[in-house]
Amino acid sequence: MSDHHVTTTLAEGVLTLRMTRLDKKNALTQAMYTAMAETIEAAALDTEVRVLLITGDASCFCAGNDLMDFMNSAPTPGLSPVERFMRALAGFEKPAVAAVCGVAVGIGVTMLLHCDLVYCGEKTKLNMPFVGLGICPEFASSYILPRLMGHVRAAELLMLGEPFTAEIALRYGLVNALLPNDEVEAKALEKAQQLAGLAPKAMKVTKMLLKKWSASATLEALAFEASHFIPMLKQPEAIESITAFMQKRKPDYRKLA
């Protein structure tokens with residue numbers, strides 16, 4: 001099945017959700033968010049789906065949001081396509097596995113926090129440049145990251161927004177293993193098939209237990225971040241930051257004072 005640069009295939013209990021907008025490094029549009037949300041929502045109800053595998057290509061996972069699309073059709077408070085996708089993945093009760101190669105930016109990183117297993121290419125570059133774009137973190141990353149790796153490491157990644165390597169992602173607990181790019185998807189699929197072959201009810205209960213004690217806080221963080229993120233998109237800092245990014249120049253915040 002294919003819809004808006006998102007394809008799905010189901011084999012041996014594993015539903016592979018693949019982002020295919022490779023000419024834009026899988027920068028996500030509102031239509032892609034809707035397609036992915038619908039896929040995950042349907043997978044949650046489909047008894048043939050045991051495991052979700054999210055991937056892109058050996059050259060690219062996800063370059064974050066398509067900034068032009070995002071600014072032209074910015075999400076509004078409520079169940080926007082991006083928030084629908086976030087809630088679908090965060091609330092997915094079956095195992096979710098990710099295969100990550102090339103680049104992972106913004107939500108291309110934060111969505112990994114809601115996957116159960118993550119396999120990453122050795123040369124993958126990751127980045128969460130929210131502040132640099134005049135906005136704030138999303139997808140409950142401000143809640144999950146400090147608890148995963150400690151405050152100072154999370155602050156470094158979220159406040160400075162500098163690119164970091166796959167080795168750092170492994171050291172900080174963001175991914176399970178590093179592999180050559182051309183082996184990542186095969187490894188992720190192997191592990192997804194292994195999960196799919198195990199007792200489904202036991203698997204579902206185990207995931208519930210793993211997430212039970214933080215599930216409500218995660219959803220609260222997701223909504224609270226969105227209450228800041230969405231208004232910030234229309235504010236001068238974000239407009240100047242994104243315009244500067246598009247024009248390949250440094251933003252000038254002095255005129256906003």
# chains A, B, ... in the order shown; residues from 1 in each chain; ligands from 1
>>> select_by_dssp(residues="range 29-210 of chain A", states="alpha helix (DSSP H)", output="ChimeraX atom specification")
/A:30-45,67-72,81-90,107-110,141-149,151-155,166-171,181-196,200-210
>>> residues_around(residues="Pro180 in chain A", least_positions_apart="3", cutoff="8 Å", atoms="only C-alpha atoms", output="ChimeraX atom specification")
/A:121-123,183-184
>>> write_last_selection(atoms="C-alpha atoms", output="mmCIF file, in the first residue's frame")
data_model
loop_
_atom_site.group_PDB
_atom_site.id
_atom_site.type_symbol
_atom_site.label_atom_id
_atom_site.label_comp_id
_atom_site.auth_asym_id
_atom_site.auth_seq_id
_atom_site.Cartn_x
_atom_site.Cartn_y
_atom_site.Cartn_z
ATOM 1 C CA GLY A 121 23.647 3.007 10.722
ATOM 2 C CA GLU A 122 27.185 3.631 11.971
ATOM 3 C CA LYS A 123 27.509 6.914 10.072
ATOM 4 C CA GLU A 183 22.746 -4.078 7.126
ATOM 5 C CA VAL A 184 20.514 -1.943 9.341
#
>>> residues_around(residues="His5 in chain A", least_positions_apart="3", cutoff="6 Å", atoms="only C-alpha atoms", output="list in words")
Met19, Thr20 and Arg21 of chain A
>>> write_last_selection(atoms="N, CA and C atoms", output="CSV table (one decimal), in the first residue's frame")
chain,number,residue,atom,x,y,z
A,19,MET,N,9.0,5.5,4.8
A,19,MET,CA,8.9,6.9,4.3
A,19,MET,C,9.7,6.9,3.0
A,20,THR,N,9.1,7.5,1.9
A,20,THR,CA,9.7,7.3,0.6
A,20,THR,C,9.9,8.7,-0.1
A,21,ARG,N,9.9,9.7,0.6
A,21,ARG,CA,10.1,11.1,0.0
A,21,ARG,C,11.6,11.4,0.0
>>> select_by_dssp(residues="range 132-188 of chain A", states="strand (DSSP E or B)", output="CSV table (one decimal) with C-alpha atoms, in the first residue's frame")
chain,number,residue,atom,x,y,z
A,164,PHE,CA,25.6,14.2,17.1
A,165,THR,CA,26.9,10.9,16.0
A,177,ALA,CA,23.1,-1.3,18.1
A,178,LEU,CA,25.1,0.3,15.3
A,179,LEU,CA,25.6,-1.5,12.0
>>> residues_around(residues="Pro163 in chain A", least_positions_apart="2", cutoff="9 Å", atoms="only C-alpha atoms", output="ChimeraX atom specification")
/A:105,125-129,157,161,165
>>> residues_around(residues="His228 in chain A", least_positions_apart="3", cutoff="12 Å", atoms="only C-alpha atoms", output="PyMOL selection string")
chain A and resi 75-77+134-138+221-225+231-235
>>> write_last_selection(atoms="C-alpha atoms", output="compact mmCIF listing (two decimals), in the first residue's frame")
# COMPACT_ATOMS: atom_id res chain seq x y z
CA PRO A 75 -0.80 22.77 13.10
CA THR A 76 -3.50 24.25 15.29
CA PRO A 77 -4.43 23.25 18.83
CA GLY A 134 12.94 29.34 17.23
CA ILE A 135 10.71 26.57 18.57
CA CYS A 136 10.75 24.11 21.45
CA PRO A 137 11.11 20.31 21.77
CA GLU A 138 8.20 18.02 20.91
CA ALA A 221 4.31 16.16 28.25
CA LEU A 222 3.32 15.68 24.62
CA ALA A 223 0.28 17.94 25.03
CA PHE A 224 2.11 20.51 27.18
CA GLU A 225 4.97 20.80 24.67
CA PRO A 231 2.01 29.17 19.08
CA MET A 232 5.79 29.54 18.71
CA LEU A 233 5.57 28.67 15.01
CA LYS A 234 3.82 31.98 14.36
CA GLN A 235 6.07 34.11 16.55
>>> atom_distance(atom1="CA of Tyr119 in chain A", atom2="CA of Leu67 in chain A")
26.7 Å
>>> closest_residue(among="A:Ala169, A:Leu158, A:Met111, A:Ala58", to="Asp182 in chain A", atoms="only C-alpha atoms")
A:Ala58
>>> residues_around(residues="Glu190 in chain A", least_positions_apart="3", cutoff="12 Å", atoms="only C-alpha atoms", output="JSON, numbers by chain")
{"A": [11, 12, 13, 14, 51, 53, 97, 98, 99, 117, 119, 183, 184, 185, 186, 187, 193, 194, 195, 196, 197]}
>>> closest_atom_pairs(of="range 4-47 of chain A", to="range 79-86 of chain A", cutoff="6 Å", atoms="only C-alpha atoms", output="CSV")
residue,atom,partner,partner_atom,distance
A:Gln30,CA,A:Pro81,CA,5.8
A:Tyr33,CA,A:Pro81,CA,5.4
A:Thr34,CA,A:Pro81,CA,5.1
A:Ala37,CA,A:Phe85,CA,4.3
>>> residues_around(residues="range 205-211 of chain A", least_positions_apart="5", cutoff="12 Å", atoms="only C-alpha atoms", output="PyMOL selection string")
chain A and resi 51+90-96+113-117+144+195+198-200+216-219
>>> write_last_selection(atoms="C-alpha atoms", output="PDB file, in the first residue's frame")
ATOM      1  CA  VAL A  51       5.041  -5.697  15.113  1.00  0.00           C
ATOM      2  CA  ALA A  90       3.112   6.848  21.651  1.00  0.00           C
ATOM      3  CA  GLY A  91       0.000   4.785  22.404  1.00  0.00           C
ATOM      4  CA  PHE A  92       0.820   1.837  20.123  1.00  0.00           C
ATOM      5  CA  GLU A  93       0.448  -1.280  22.283  1.00  0.00           C
ATOM      6  CA  LYS A  94       2.412  -3.675  20.056  1.00  0.00           C
ATOM      7  CA  PRO A  95       6.206  -3.642  19.627  1.00  0.00           C
ATOM      8  CA  ALA A  96       7.609  -0.888  17.421  1.00  0.00           C
ATOM      9  CA  LEU A 113      11.878   7.604  21.865  1.00  0.00           C
ATOM     10  CA  HIS A 114       8.543   5.845  21.290  1.00  0.00           C
ATOM     11  CA  CYS A 115       9.997   2.765  19.594  1.00  0.00           C
ATOM     12  CA  ASP A 116      10.952  -0.311  21.581  1.00  0.00           C
ATOM     13  CA  LEU A 117      14.006  -1.327  19.557  1.00  0.00           C
ATOM     14  CA  ILE A 144      11.826  11.348  28.157  1.00  0.00           C
ATOM     15  CA  LEU A 195       9.231 -10.341  18.258  1.00  0.00           C
ATOM     16  CA  LEU A 198       6.606 -14.643  20.363  1.00  0.00           C
ATOM     17  CA  ALA A 199       3.375 -14.903  22.374  1.00  0.00           C
ATOM     18  CA  PRO A 200       1.358 -11.792  21.376  1.00  0.00           C
ATOM     19  CA  SER A 216       0.330   9.312  31.535  1.00  0.00           C
ATOM     20  CA  ALA A 217       3.287  11.656  32.074  1.00  0.00           C
ATOM     21  CA  THR A 218       4.415  11.100  28.485  1.00  0.00           C
ATOM     22  CA  LEU A 219       0.999  12.060  27.100  1.00  0.00           C
TER      23      LEU A 219
END
>>> closest_residue(among="A:Val49, A:Cys60, A:Ala140, A:Ala42", to="Ala27 in chain A", atoms="only C-alpha atoms")
A:Cys60
